[in-house]
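S.K.: Please find work-v9.cif (mmCIF, C-alpha atoms) on the next line:
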```
data_work
#
loop_
_atom_site.label_atom_id
_atom_site.label_comp_id
_atom_site.auth_asym_id
_atom_site.auth_seq_id
_atom_site.Cartn_x
_atom_site.Cartn_y
_atom_site.Cartn_z
CA MET U 1 -59.43 37.43 -27.65
CA ALA U 2 -60.83 36.91 -31.15
CA VAL U 3 -58.98 38.67 -33.94
CA GLU U 4 -60.64 39.26 -37.28
CA LEU U 5 -58.22 38.94 -40.22
CA VAL U 6 -59.06 40.98 -43.29
CA ALA U 7 -57.13 40.63 -46.54
CA ALA U 8 -55.38 43.88 -47.39
CA PRO U 9 -56.04 45.19 -50.89
CA THR U 10 -53.03 44.80 -53.17
CA ALA U 11 -54.38 46.62 -56.18
CA SER U 12 -57.34 48.53 -57.52
CA SER U 13 -58.55 49.39 -60.95
CA SER U 14 -56.06 52.26 -60.74
CA GLY U 15 -52.93 50.26 -59.88
CA VAL U 16 -50.85 49.17 -56.91
CA ALA U 17 -51.27 50.52 -53.38
CA THR U 18 -48.20 52.49 -52.33
CA HIS U 19 -47.13 55.79 -50.77
CA CYS U 20 -45.91 59.10 -52.11
CA PRO U 21 -42.09 59.21 -51.75
CA TYR U 22 -41.65 62.89 -50.98
CA CYS U 23 -42.38 64.40 -47.56
CA ALA U 24 -42.91 62.79 -44.18
CA LEU U 25 -46.68 62.41 -44.62
CA GLN U 26 -46.19 59.43 -46.96
CA CYS U 27 -49.67 59.93 -48.39
CA GLY U 28 -51.43 56.83 -49.68
CA GLN U 29 -51.77 56.50 -53.44
CA TRP U 30 -52.41 54.09 -56.29
CA VAL U 31 -49.81 53.91 -59.07
CA ASP U 32 -50.19 51.91 -62.26
CA SER U 33 -47.58 50.60 -64.67
CA ALA U 34 -47.85 53.70 -66.86
CA GLY U 35 -47.01 55.96 -63.92
CA ASP U 36 -50.55 57.30 -63.52
CA VAL U 37 -51.43 58.18 -59.93
CA ASP U 38 -54.71 58.14 -57.99
CA ALA U 39 -55.21 59.24 -54.41
CA ARG U 40 -55.84 56.51 -51.84
CA GLU U 41 -57.58 56.67 -48.49
CA PHE U 42 -54.90 56.95 -45.80
CA PRO U 43 -54.93 58.75 -42.43
CA THR U 44 -52.54 61.52 -43.48
CA ASN U 45 -54.08 62.49 -46.83
CA ARG U 46 -57.62 61.03 -46.58
CA GLY U 47 -58.07 60.58 -50.30
CA GLY U 48 -56.24 63.70 -51.47
CA LEU U 49 -52.79 64.50 -52.77
CA CYS U 50 -50.73 67.63 -53.36
CA GLN U 51 -49.11 68.51 -56.67
CA LYS U 52 -45.96 66.58 -55.77
CA GLY U 53 -48.00 63.45 -55.10
CA TRP U 54 -50.11 63.74 -58.24
CA THR U 55 -47.01 64.06 -60.43
CA SER U 56 -44.76 61.59 -58.58
CA GLY U 57 -45.48 58.78 -61.03
CA ALA U 58 -44.03 60.77 -63.93
CA LEU U 59 -40.58 59.61 -62.85
CA LEU U 60 -41.40 56.05 -63.89
CA THR U 61 -41.64 56.91 -67.58
CA HIS U 62 -39.24 59.86 -67.74
CA PRO U 63 -36.75 59.47 -70.62
CA GLN U 64 -33.80 60.32 -68.35
CA ARG U 65 -34.65 57.75 -65.69
CA LEU U 66 -31.86 55.22 -65.12
CA THR U 67 -32.97 51.66 -65.78
CA SER U 68 -29.58 49.94 -65.50
CA PRO U 69 -26.32 50.62 -63.66
CA LEU U 70 -23.80 52.95 -65.29
CA LEU U 71 -20.06 52.42 -64.88
CA ARG U 72 -16.89 54.26 -65.81
CA PRO U 73 -13.44 53.06 -64.75
CA SER U 74 -12.12 56.63 -64.54
CA ARG U 75 -13.38 60.19 -64.74
CA SER U 76 -11.78 60.65 -68.16
CA VAL U 77 -14.31 58.36 -69.89
CA GLU U 78 -18.08 58.37 -70.26
CA PHE U 79 -20.49 56.24 -68.27
CA THR U 80 -21.70 53.12 -70.05
CA PRO U 81 -24.58 50.76 -69.10
CA VAL U 82 -23.52 47.45 -67.53
CA SER U 83 -25.30 44.52 -65.92
CA TRP U 84 -26.06 44.44 -62.21
CA ASN U 85 -23.58 41.59 -61.74
CA ALA U 86 -20.85 43.62 -63.41
CA ALA U 87 -21.65 46.75 -61.38
CA LEU U 88 -21.87 45.00 -58.02
CA GLY U 89 -18.77 42.94 -58.76
CA TYR U 90 -16.80 46.07 -59.63
CA VAL U 91 -17.87 47.87 -56.45
CA GLY U 92 -17.18 44.83 -54.28
CA ASP U 93 -13.72 44.35 -55.74
CA ARG U 94 -12.77 48.01 -55.31
CA LEU U 95 -14.00 48.08 -51.71
CA ALA U 96 -12.03 44.94 -50.90
CA GLU U 97 -8.89 46.47 -52.46
CA LEU U 98 -9.26 49.70 -50.46
CA ARG U 99 -9.90 47.87 -47.19
CA ALA U 100 -6.88 45.63 -47.75
CA ALA U 101 -4.62 48.57 -48.53
CA TYR U 102 -5.89 51.24 -46.12
CA GLY U 103 -8.07 49.53 -43.51
CA PRO U 104 -11.84 49.30 -42.93
CA ASP U 105 -12.33 53.02 -42.26
CA SER U 106 -11.12 53.83 -45.76
CA VAL U 107 -14.67 53.01 -46.85
CA ALA U 108 -17.57 55.21 -45.72
CA VAL U 109 -21.35 54.87 -45.96
CA PHE U 110 -23.87 57.70 -46.22
CA GLY U 111 -27.56 56.89 -45.72
CA GLY U 112 -30.76 58.86 -45.90
CA GLY U 113 -34.07 59.60 -44.24
CA SER U 114 -35.83 58.23 -47.31
CA LEU U 115 -34.83 54.66 -46.44
CA THR U 116 -37.35 52.36 -44.77
CA ASN U 117 -36.74 51.04 -41.25
CA GLU U 118 -35.59 47.73 -42.70
CA LYS U 119 -33.14 49.33 -45.13
CA SER U 120 -31.74 51.62 -42.43
CA TYR U 121 -31.18 48.64 -40.16
CA LEU U 122 -29.49 46.60 -42.87
CA LEU U 123 -27.34 49.54 -43.95
CA GLY U 124 -25.94 49.96 -40.44
CA LYS U 125 -25.33 46.23 -40.12
CA PHE U 126 -23.70 46.11 -43.57
CA ALA U 127 -21.34 48.96 -42.67
CA ARG U 128 -20.31 47.63 -39.27
CA VAL U 129 -20.29 43.87 -39.90
CA ALA U 130 -19.62 43.37 -43.62
CA LEU U 131 -17.33 46.38 -44.12
CA GLY U 132 -16.17 46.75 -40.53
CA THR U 133 -16.17 50.52 -40.87
CA SER U 134 -17.06 53.09 -38.26
CA GLN U 135 -17.60 55.68 -40.99
CA ILE U 136 -21.37 55.72 -41.38
CA ASP U 137 -23.86 58.54 -40.96
CA TYR U 138 -26.93 59.88 -42.74
CA ASN U 139 -28.38 63.06 -44.15
CA GLY U 140 -30.59 63.62 -41.12
CA ARG U 141 -27.50 65.12 -39.52
CA PHE U 142 -28.19 68.17 -41.69
CA CYS U 143 -31.92 68.05 -41.04
CA MET U 144 -33.28 67.15 -37.60
CA SER U 145 -30.15 66.68 -35.52
CA SER U 146 -30.89 69.78 -33.44
CA ALA U 147 -34.37 68.48 -32.67
CA ALA U 148 -32.96 65.04 -31.87
CA ALA U 149 -30.42 66.46 -29.43
CA ALA U 150 -33.02 68.71 -27.81
CA GLY U 151 -35.45 65.82 -27.49
CA ASN U 152 -32.81 63.67 -25.83
CA ARG U 153 -31.91 66.55 -23.53
CA ALA U 154 -35.50 67.16 -22.44
CA PHE U 155 -37.22 63.78 -22.68
CA GLY U 156 -34.36 61.29 -22.70
CA VAL U 157 -35.41 60.09 -26.14
CA ASP U 158 -35.69 61.57 -29.60
CA ARG U 159 -39.21 60.87 -30.76
CA GLY U 160 -39.89 63.49 -33.44
CA LEU U 161 -43.67 63.62 -33.69
CA PRO U 162 -44.85 61.38 -30.82
CA PHE U 163 -48.50 61.36 -31.89
CA PRO U 164 -50.32 60.77 -35.19
CA VAL U 165 -51.10 63.85 -37.27
CA THR U 166 -54.80 62.97 -36.96
CA ASP U 167 -54.58 64.14 -33.32
CA LEU U 168 -54.26 67.67 -34.68
CA ASP U 169 -57.79 67.47 -36.12
CA ASP U 170 -59.30 68.49 -32.78
CA ALA U 171 -56.69 71.07 -31.77
CA GLU U 172 -57.85 74.48 -30.58
CA ILE U 173 -54.48 76.14 -31.17
CA VAL U 174 -51.29 75.03 -32.92
CA VAL U 175 -48.02 76.96 -32.86
CA LEU U 176 -45.85 76.19 -35.91
CA ALA U 177 -42.27 77.39 -35.34
CA GLY U 178 -40.25 77.41 -38.55
CA ALA U 179 -42.70 75.51 -40.75
CA ASN U 180 -44.37 76.39 -44.04
CA VAL U 181 -46.50 73.27 -44.33
CA ALA U 182 -49.01 74.81 -46.74
CA GLU U 183 -46.30 74.59 -49.41
CA THR U 184 -44.03 71.79 -48.17
CA MET U 185 -46.69 69.24 -47.09
CA PRO U 186 -50.10 70.62 -48.12
CA PRO U 187 -52.22 67.61 -47.01
CA LEU U 188 -51.20 68.39 -43.42
CA MET U 189 -53.26 71.59 -43.63
CA GLY U 190 -56.35 69.41 -43.76
CA HIS U 191 -55.65 68.42 -40.16
CA LEU U 192 -55.34 72.03 -39.03
CA GLY U 193 -58.64 73.34 -40.36
CA GLY U 194 -60.26 73.65 -36.96
CA ALA U 195 -57.32 75.16 -35.11
CA ARG U 196 -56.22 78.72 -34.55
CA LEU U 197 -52.73 78.79 -36.04
CA VAL U 198 -49.72 80.77 -34.90
CA VAL U 199 -46.90 80.69 -37.43
CA VAL U 200 -43.35 81.73 -36.51
CA ASP U 201 -41.54 82.62 -39.72
CA PRO U 202 -39.62 85.68 -40.94
CA ARG U 203 -41.41 85.32 -44.29
CA ARG U 204 -45.07 85.94 -45.10
CA THR U 205 -45.74 82.41 -46.35
CA PRO U 206 -49.00 80.78 -47.44
CA THR U 207 -49.03 79.08 -44.03
CA ALA U 208 -48.76 82.48 -42.35
CA GLU U 209 -51.66 83.72 -44.48
CA ARG U 210 -53.69 80.71 -43.34
CA ALA U 211 -52.82 81.53 -39.73
CA LEU U 212 -54.19 85.04 -40.07
CA ALA U 213 -57.32 83.73 -41.76
CA SER U 214 -57.86 81.32 -38.84
CA GLY U 215 -57.89 84.14 -36.31
CA GLY U 216 -54.32 83.42 -35.31
CA LEU U 217 -51.09 85.34 -35.64
CA HIS U 218 -47.99 85.49 -37.80
CA LEU U 219 -44.94 86.16 -35.63
CA GLN U 220 -42.07 87.47 -37.78
CA PRO U 221 -38.80 87.28 -35.82
CA VAL U 222 -35.63 88.78 -37.21
CA PRO U 223 -33.76 85.85 -38.83
CA GLY U 224 -31.63 84.06 -36.26
CA THR U 225 -33.58 85.29 -33.20
CA ASP U 226 -35.99 82.37 -32.73
CA LEU U 227 -34.36 81.49 -29.41
CA VAL U 228 -34.96 84.96 -28.03
CA LEU U 229 -38.62 84.77 -29.06
CA ALA U 230 -39.13 81.41 -27.33
CA LEU U 231 -37.45 82.69 -24.17
CA GLY U 232 -39.60 85.82 -24.22
CA MET U 233 -42.72 83.67 -24.44
CA LEU U 234 -41.57 81.50 -21.54
CA HIS U 235 -41.07 84.69 -19.55
CA ALA U 236 -44.62 85.73 -20.45
CA ALA U 237 -45.93 82.36 -19.30
CA VAL U 238 -44.30 82.78 -15.89
CA THR U 239 -45.22 86.41 -15.28
CA GLY U 240 -48.68 86.01 -16.77
CA GLY U 241 -49.60 83.22 -14.38
CA TRP U 242 -49.92 80.53 -17.05
CA LEU U 243 -47.53 77.97 -15.51
CA ASP U 244 -48.95 74.53 -14.80
CA THR U 245 -47.25 74.28 -11.42
CA GLY U 246 -48.68 70.86 -10.57
CA TYR U 247 -47.45 69.40 -13.84
CA LEU U 248 -44.01 70.98 -13.36
CA ALA U 249 -43.69 69.60 -9.84
CA GLU U 250 -44.89 66.12 -10.71
CA ARG U 251 -43.41 65.54 -14.15
CA THR U 252 -40.37 67.78 -14.65
CA THR U 253 -37.09 68.79 -13.08
CA GLY U 254 -34.81 71.74 -13.68
CA PHE U 255 -37.38 74.50 -14.11
CA ASP U 256 -35.43 76.88 -11.86
CA GLU U 257 -32.42 76.62 -14.19
CA ALA U 258 -34.60 77.26 -17.24
CA TRP U 259 -36.19 80.25 -15.56
CA ARG U 260 -32.81 81.77 -14.72
CA VAL U 261 -32.21 82.06 -18.46
CA ALA U 262 -35.72 83.15 -19.43
CA ALA U 263 -35.84 85.71 -16.62
CA GLN U 264 -33.38 87.84 -18.59
CA TRP U 265 -35.72 87.98 -21.58
CA TRP U 266 -38.87 89.82 -20.53
CA PRO U 267 -41.06 90.33 -23.61
CA GLU U 268 -40.19 93.99 -24.12
CA ARG U 269 -36.48 93.22 -24.15
CA ALA U 270 -37.05 90.22 -26.43
CA GLU U 271 -39.06 92.47 -28.77
CA ARG U 272 -36.12 94.83 -29.20
CA VAL U 273 -33.98 91.89 -30.39
CA CYS U 274 -36.39 89.68 -32.34
CA GLY U 275 -38.86 92.30 -33.55
CA VAL U 276 -42.01 90.44 -32.45
CA PRO U 277 -44.31 92.72 -30.41
CA ALA U 278 -44.38 91.88 -26.70
CA ALA U 279 -48.17 92.06 -26.80
CA ASP U 280 -48.25 89.30 -29.43
CA MET U 281 -46.00 87.08 -27.31
CA ARG U 282 -48.33 87.48 -24.35
CA MET U 283 -51.40 86.89 -26.51
CA VAL U 284 -50.09 83.60 -27.91
CA VAL U 285 -49.06 82.37 -24.47
CA GLY U 286 -52.54 83.24 -23.21
CA TRP U 287 -54.12 81.29 -26.06
CA LEU U 288 -51.93 78.27 -25.28
CA GLY U 289 -52.51 78.53 -21.54
CA GLY U 290 -56.26 78.92 -21.86
CA ALA U 291 -56.92 76.10 -24.32
CA ALA U 292 -57.52 72.45 -23.52
CA ARG U 293 -56.21 71.02 -26.80
CA ARG U 294 -52.97 72.75 -27.82
CA TYR U 295 -49.76 71.88 -29.62
CA VAL U 296 -46.32 73.39 -30.20
CA LEU U 297 -44.57 72.07 -33.31
CA THR U 298 -41.08 72.96 -34.54
CA ALA U 299 -39.50 72.33 -37.92
CA ARG U 300 -36.37 73.13 -39.91
CA GLY U 301 -36.74 76.91 -39.62
CA ALA U 302 -36.28 76.74 -35.86
CA GLU U 303 -33.75 73.93 -35.88
CA GLN U 304 -31.21 74.81 -38.55
CA HIS U 305 -29.31 77.45 -36.62
CA ALA U 306 -25.91 77.41 -34.99
CA ASN U 307 -27.82 77.34 -31.68
CA GLY U 308 -30.60 75.09 -32.98
CA VAL U 309 -30.43 72.68 -30.04
CA ASP U 310 -30.98 75.53 -27.59
CA THR U 311 -33.79 76.96 -29.74
CA VAL U 312 -35.73 73.68 -29.84
CA THR U 313 -35.05 73.19 -26.13
CA ALA U 314 -36.59 76.61 -25.44
CA TRP U 315 -39.76 75.67 -27.33
CA ILE U 316 -39.88 72.36 -25.44
CA ASN U 317 -39.47 74.26 -22.17
CA LEU U 318 -42.42 76.48 -23.08
CA ALA U 319 -44.54 73.42 -23.84
CA LEU U 320 -43.52 71.78 -20.56
CA ALA U 321 -44.16 74.93 -18.57
CA LEU U 322 -47.72 74.95 -19.89
CA GLY U 323 -48.17 71.21 -19.29
CA LEU U 324 -48.62 70.10 -22.91
CA PRO U 325 -46.50 66.93 -23.46
CA GLY U 326 -47.90 63.60 -22.36
CA ARG U 327 -51.52 64.70 -22.17
CA SER U 328 -54.31 63.60 -24.46
CA GLY U 329 -55.14 66.32 -26.97
CA SER U 330 -51.95 68.32 -26.40
CA GLY U 331 -48.24 67.98 -26.98
CA PHE U 332 -44.94 69.00 -28.44
CA GLY U 333 -43.60 67.58 -31.67
CA THR U 334 -41.12 68.06 -34.47
CA ILE U 335 -42.37 67.94 -38.05
CA THR U 336 -40.18 65.49 -39.93
CA GLY U 337 -39.00 66.52 -43.38
CA GLN U 338 -38.22 63.24 -45.12
CA GLY U 339 -40.36 60.15 -45.44
CA ASN U 340 -38.55 58.27 -42.67
CA GLY U 341 -36.31 60.76 -40.95
CA GLN U 342 -37.42 59.37 -37.59
CA GLY U 343 -37.02 55.67 -38.39
CA GLY U 344 -33.75 56.41 -40.16
CA ARG U 345 -32.35 57.59 -36.87
CA GLU U 346 -33.83 54.82 -34.77
CA HIS U 347 -32.50 51.90 -36.75
CA GLY U 348 -28.76 52.31 -36.71
CA GLN U 349 -27.39 54.41 -39.55
CA LYS U 350 -26.01 57.17 -37.33
CA ALA U 351 -22.33 57.46 -36.49
CA ASP U 352 -22.93 57.12 -32.76
CA GLN U 353 -25.94 54.80 -32.59
CA LEU U 354 -26.78 51.16 -33.01
CA PRO U 355 -30.37 50.06 -33.73
CA GLY U 356 -32.95 51.07 -31.15
CA TYR U 357 -31.18 54.28 -30.11
CA ARG U 358 -28.47 52.22 -28.45
CA SER U 359 -25.24 54.15 -27.97
CA ILE U 360 -22.38 52.53 -29.83
CA ALA U 361 -20.09 53.51 -26.95
CA ASP U 362 -22.22 51.65 -24.35
CA PRO U 363 -20.71 48.20 -23.62
CA ALA U 364 -24.12 46.74 -22.72
CA ALA U 365 -25.67 48.03 -25.95
CA ARG U 366 -22.74 46.72 -27.98
CA GLY U 367 -23.05 43.34 -26.33
CA HIS U 368 -26.77 43.11 -27.03
CA VAL U 369 -26.47 44.01 -30.72
CA ALA U 370 -23.42 41.79 -31.16
CA ARG U 371 -25.40 38.79 -29.86
CA VAL U 372 -28.24 39.54 -32.27
CA TRP U 373 -25.79 39.86 -35.17
CA GLY U 374 -23.74 36.82 -34.21
CA VAL U 375 -20.43 38.63 -33.78
CA ARG U 376 -18.18 39.45 -30.84
CA PRO U 377 -18.68 42.92 -29.27
CA GLU U 378 -15.05 43.81 -29.93
CA GLU U 379 -15.63 43.23 -33.65
CA LEU U 380 -18.06 46.16 -33.81
CA PRO U 381 -16.30 49.43 -34.66
CA GLY U 382 -16.63 52.40 -32.36
CA PRO U 383 -18.22 55.79 -33.04
CA GLY U 384 -17.40 57.31 -36.41
CA ARG U 385 -17.50 60.79 -37.89
CA SER U 386 -20.76 62.70 -38.07
CA ALA U 387 -22.01 63.51 -41.56
CA THR U 388 -20.49 66.99 -41.41
CA GLU U 389 -17.10 65.65 -40.38
CA LEU U 390 -17.36 62.72 -42.77
CA ILE U 391 -17.89 64.84 -45.86
CA ALA U 392 -15.19 67.29 -44.78
CA ALA U 393 -12.73 64.37 -44.47
CA LEU U 394 -13.26 63.11 -48.03
CA GLY U 395 -10.08 63.52 -50.04
CA ARG U 396 -7.89 64.03 -46.97
CA PRO U 397 -5.07 61.56 -46.29
CA ASP U 398 -6.80 60.47 -43.09
CA GLY U 399 -10.26 60.41 -44.63
CA PRO U 400 -12.30 57.78 -46.45
CA ARG U 401 -11.29 56.88 -49.99
CA ALA U 402 -14.70 55.59 -51.03
CA LEU U 403 -18.21 56.76 -50.15
CA LEU U 404 -21.28 54.59 -50.68
CA VAL U 405 -24.43 56.74 -50.85
CA PHE U 406 -27.84 55.14 -50.24
CA GLY U 407 -31.16 56.93 -50.63
#
```
Could you spell out this file's structure in structure tokens?
M.R.:
Amino acid sequence: MAVELVAAPTASSSGVATHCPYCALQCGQWVDSAGDVDAREFPTNRGGLCQKGWTSGALLTHPQRLTSPLLRPSRSVEFTPVSWNAALGYVGDRLAELRAAYGPDSVAVFGGGSLTNEKSYLLGKFARVALGTSQIDYNGRFCMSSAAAAGNRAFGVDRGLPFPVTDLDDAEIVVLAGANVAETMPPLMGHLGGARLVVVDPRRTPTAERALASGGLHLQPVPGTDLVLALGMLHAAVTGGWLDTGYLAERTTGFDEAWRVAAQWWPERAERVCGVPAADMRMVVGWLGGAARRYVLTARGAEQHANGVDTVTAWINLALALGLPGRSGSGFGTITGQGNGQGGREHGQKADQLPGYRSIADPAARGHVARVWGVRPEELPGPGRSATELIAALGRPDGPRALLVFG
């Protein structure tokens, strides 16, 4: 097969081709040496930027921007600029001293969803091979962990948004549960212009206003009752005759167990708890059931609850009951908050995972990664503390004595 190679542009009259560093859309932009920004054609933003993108270059020339490492030997003195060699040497020496005195787990590493795939991979390898510590996790634990656990529970893999945002261009209806994308990632709204929107949010946000203007609905559950709303809508799907029984039989298991829970939450009962009218629940389910191109998307508002895993699972169950996932023009997805929240999880900076979603407790997975890294499997540390546990352990006698924070 012939392949045509085309040189990728490296610069324009406006600067260097790069991406906005803020939300998960990673909109394309040009940035010059003075920090001036121009929009660039890219699938997510298609030549436009939001206010965050347009002003992102201002950081480059801000008078308070750090341009060299700062060091202080103790908290009683001020930071002073030092060379990179001095800074890295100081950190390396201190880490070596702590490891020698207290063991490898006395040093912890905290990563972020803003790191690229390559950086996430290297950070996990650095922690486990160079430092030998099990104490590594990342800030996604406070962000999408509920969605990740629900995705693993339902699909066997955590995939976040398993389709490009451009697929939403042709959607007939999109349900946004716990997302205010008109303010948090405005360019995404350009992909929702043709869809009827249903926004689930206790607040009357700009996204909710857009939903009403599109002929959709704004469902305002009482805070903390998102799970009840999702169960009430699943009940409406069953009793309203909207189940895709062929899809359920061929591509799912466990529907009877899910129904046993949802059966207790008929829409009128759910309304008394969550405050969303039963008629609205039935209307949205009817819209989803009657459309050919339909999506259910969750975000932080649905996930960041004490029962967030169950809440996301309930929305996934609704999508599965209607036959959305795995079909062209339809699906379920989770809107990622940071630039690389998904890749940050996939590439090995979680306490319980090696690169490629491999469980660090799985002997076969440990053996595979150890061979790639050129070490013995027994040299790899076991599971460490999650981010919540890790931060809580700082300062305790049994906790880490140093924390390296990346991104």
S.K.: Written as JSON, numbers by chain, what is the full residue list that the PyMOL selection byres ((chain U and resi 300) around 7) yields on the file shown?
M.R.: {"U": [143, 178, 179, 299, 301, 302, 303, 304]}
S.K.: Work out how far atom CA of U:Glu257 is from atom CA of U:Gln220, in Å to one decimal.
M.R.: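 Atom CA of U:Glu257 lies 27.7 Å from atom CA of U:Gln220.
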S.K.: Leaving out stretch 192-209 of chain U and any residue of its chain fewer than 4 positions from it, which residues lie within 7 Å of it when counting all atoms listed in the file, given as a PyMOL selection string?
M.R.: chain U and resi 168-178+180-182+213-223
S.K.: Give me, as JSON, numbers by chain, all polymer residues having an atom no more than 8 Å from U:Gly323, counting only C-alpha atoms and skipping those fewer than 3 positions away in the same chain.
M.R.: {"U": [243, 244, 247, 248, 319, 320, 327]}
S.K.: Could you state the separation of atom CA of U:Val375 and atom CA of U:Arg128 in Å, given to one decimal place?
M.R.: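 Taking atom CA of U:Val375 as the start and atom CA of U:Arg128 as the end point, the length is 10.5 Å.
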S.K.: Pick the closest to U:Leu95 from U:Ser146, U:Gln342, U:Thr334, U:Thr133: which is it, counting only C-alpha atoms?
M.R.: U:Thr133
S.K.: Check what the PyMOL selection byres ((chain U and resi 45) around 9) selects in the file above and give those residues as an mmCIF file with C-alpha atoms, in the coordinates of the input.
M.R.:
```cif
data_model
loop_
_atom_site.group_PDB
_atom_site.id
_atom_site.type_symbol
_atom_site.label_atom_id
_atom_site.label_comp_id
_atom_site.auth_asym_id
_atom_site.auth_seq_id
_atom_site.Cartn_x
_atom_site.Cartn_y
_atom_site.Cartn_z
ATOM 1 C CA LEU U 25 -46.680 62.410 -44.620
ATOM 2 C CA GLN U 26 -46.190 59.430 -46.960
ATOM 3 C CA CYS U 27 -49.670 59.930 -48.390
ATOM 4 C CA GLY U 28 -51.430 56.830 -49.680
ATOM 5 C CA ALA U 39 -55.210 59.240 -54.410
ATOM 6 C CA ARG U 40 -55.840 56.510 -51.840
ATOM 7 C CA GLU U 41 -57.580 56.670 -48.490
ATOM 8 C CA PHE U 42 -54.900 56.950 -45.800
ATOM 9 C CA PRO U 43 -54.930 58.750 -42.430
ATOM 10 C CA THR U 44 -52.540 61.520 -43.480
ATOM 11 C CA ARG U 46 -57.620 61.030 -46.580
ATOM 12 C CA GLY U 47 -58.070 60.580 -50.300
ATOM 13 C CA GLY U 48 -56.240 63.700 -51.470
ATOM 14 C CA LEU U 49 -52.790 64.500 -52.770
ATOM 15 C CA CYS U 50 -50.730 67.630 -53.360
ATOM 16 C CA PRO U 187 -52.220 67.610 -47.010
ATOM 17 C CA LEU U 188 -51.200 68.390 -43.420
ATOM 18 C CA GLY U 190 -56.350 69.410 -43.760
#
```
S.K.: Name the residues captured by the PyMOL selection byres ((chain U and resi 136-141) around 7) when it is applied to the shown file; answer as number ranges by chain.
M.R.: U: 108-113, 127, 134-135, 142-145, 341, 349-351, 384, 386-387
S.K.: For atom CA of U:Gly254 and atom CA of U:Ala150, quote the distance in Å rounded to one decimal.
M.R.: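 Interatomic distance here is 14.6 Å.
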S.K.: Go through U:Cys274, U:Ile391, U:Ala17, U:Val261 and flag the residue nearest U:Gln29, using all atoms listed in the file for the distances.
M.R.: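 Going through U:Cys274, U:Ile391, U:Ala17, U:Val261 one by one, the smallest distance to U:Gln29 is for U:Ala17.
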S.K.: Name the closest residue to U:Leu71 among the candidates U:Glu271, U:Thr225, U:Ala86, U:Thr298; distances are taken between atoms, counting only C-alpha atoms.
M.R.: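 Closest to U:Leu71, using only C-alpha atoms: U:Ala86.
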S.K.: Using only C-alpha atoms, list the residues that have an atom at most 12 Å from (-22.3, 42.5, -35.0), coordinates as in the file, as a PyMOL selection string.
M.R.: chain U and resi 121-122+124-133+348+354-355+360+365-382
S.K.: Hey, could you pull the box centre and edge lengths for stretch 304-319 of chain U, axis-aligned, 4 Å padding per side, all listed atoms, to one decimal in Å, as JSON?
M.R.:
```
{"center_x": -35.2, "center_y": 74.9, "center_z": -30.4, "size_x": 26.6, "size_y": 13.1, "size_z": 24.4}
```
S.K.: Find the spatial neighbours of U:Leu227, counting only C-alpha atoms, within a cut-off of 9 Å - ignore same-chain residues fewer than 4 positions away - and output them as a PyMOL selection string.
M.R.: chain U and resi 231-232+274+302+307-308+310-315
S.K.: Compare U:Gly53, U:Gly156, U:Gly399, U:Gly407 by their minimum atom-to-atom distance to U:Asp36, counting all atoms listed in the file, and give me the closest one.
M.R.: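 Closest candidate: U:Gly53.
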S.K.: Do a neighbour search on U:Gly35 at 12 Å with only C-alpha atoms, toss out local chain neighbours closer than 5 positions, and write the hits as a PyMOL selection string.
M.R.: chain U and resi 14-16+29-30+53-62
S.K.: Looking at U:Ile335, U:Gly286, U:Gly275, U:Val107, which one is nearest to U:Leu390, with distances taken over only C-alpha atoms?
M.R.: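 Selected residue with least distance to U:Leu390: U:Val107.
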S.K.: Rank U:Thr388, U:Leu161, U:Leu123, U:Gln264 by their smallest atom-to-atom distance to U:Ala147, using all atoms listed in the file, and report the top residue only.
M.R.: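 When distances to U:Ala147 are compared using all atoms listed in the file, the smallest one comes from U:Leu161.
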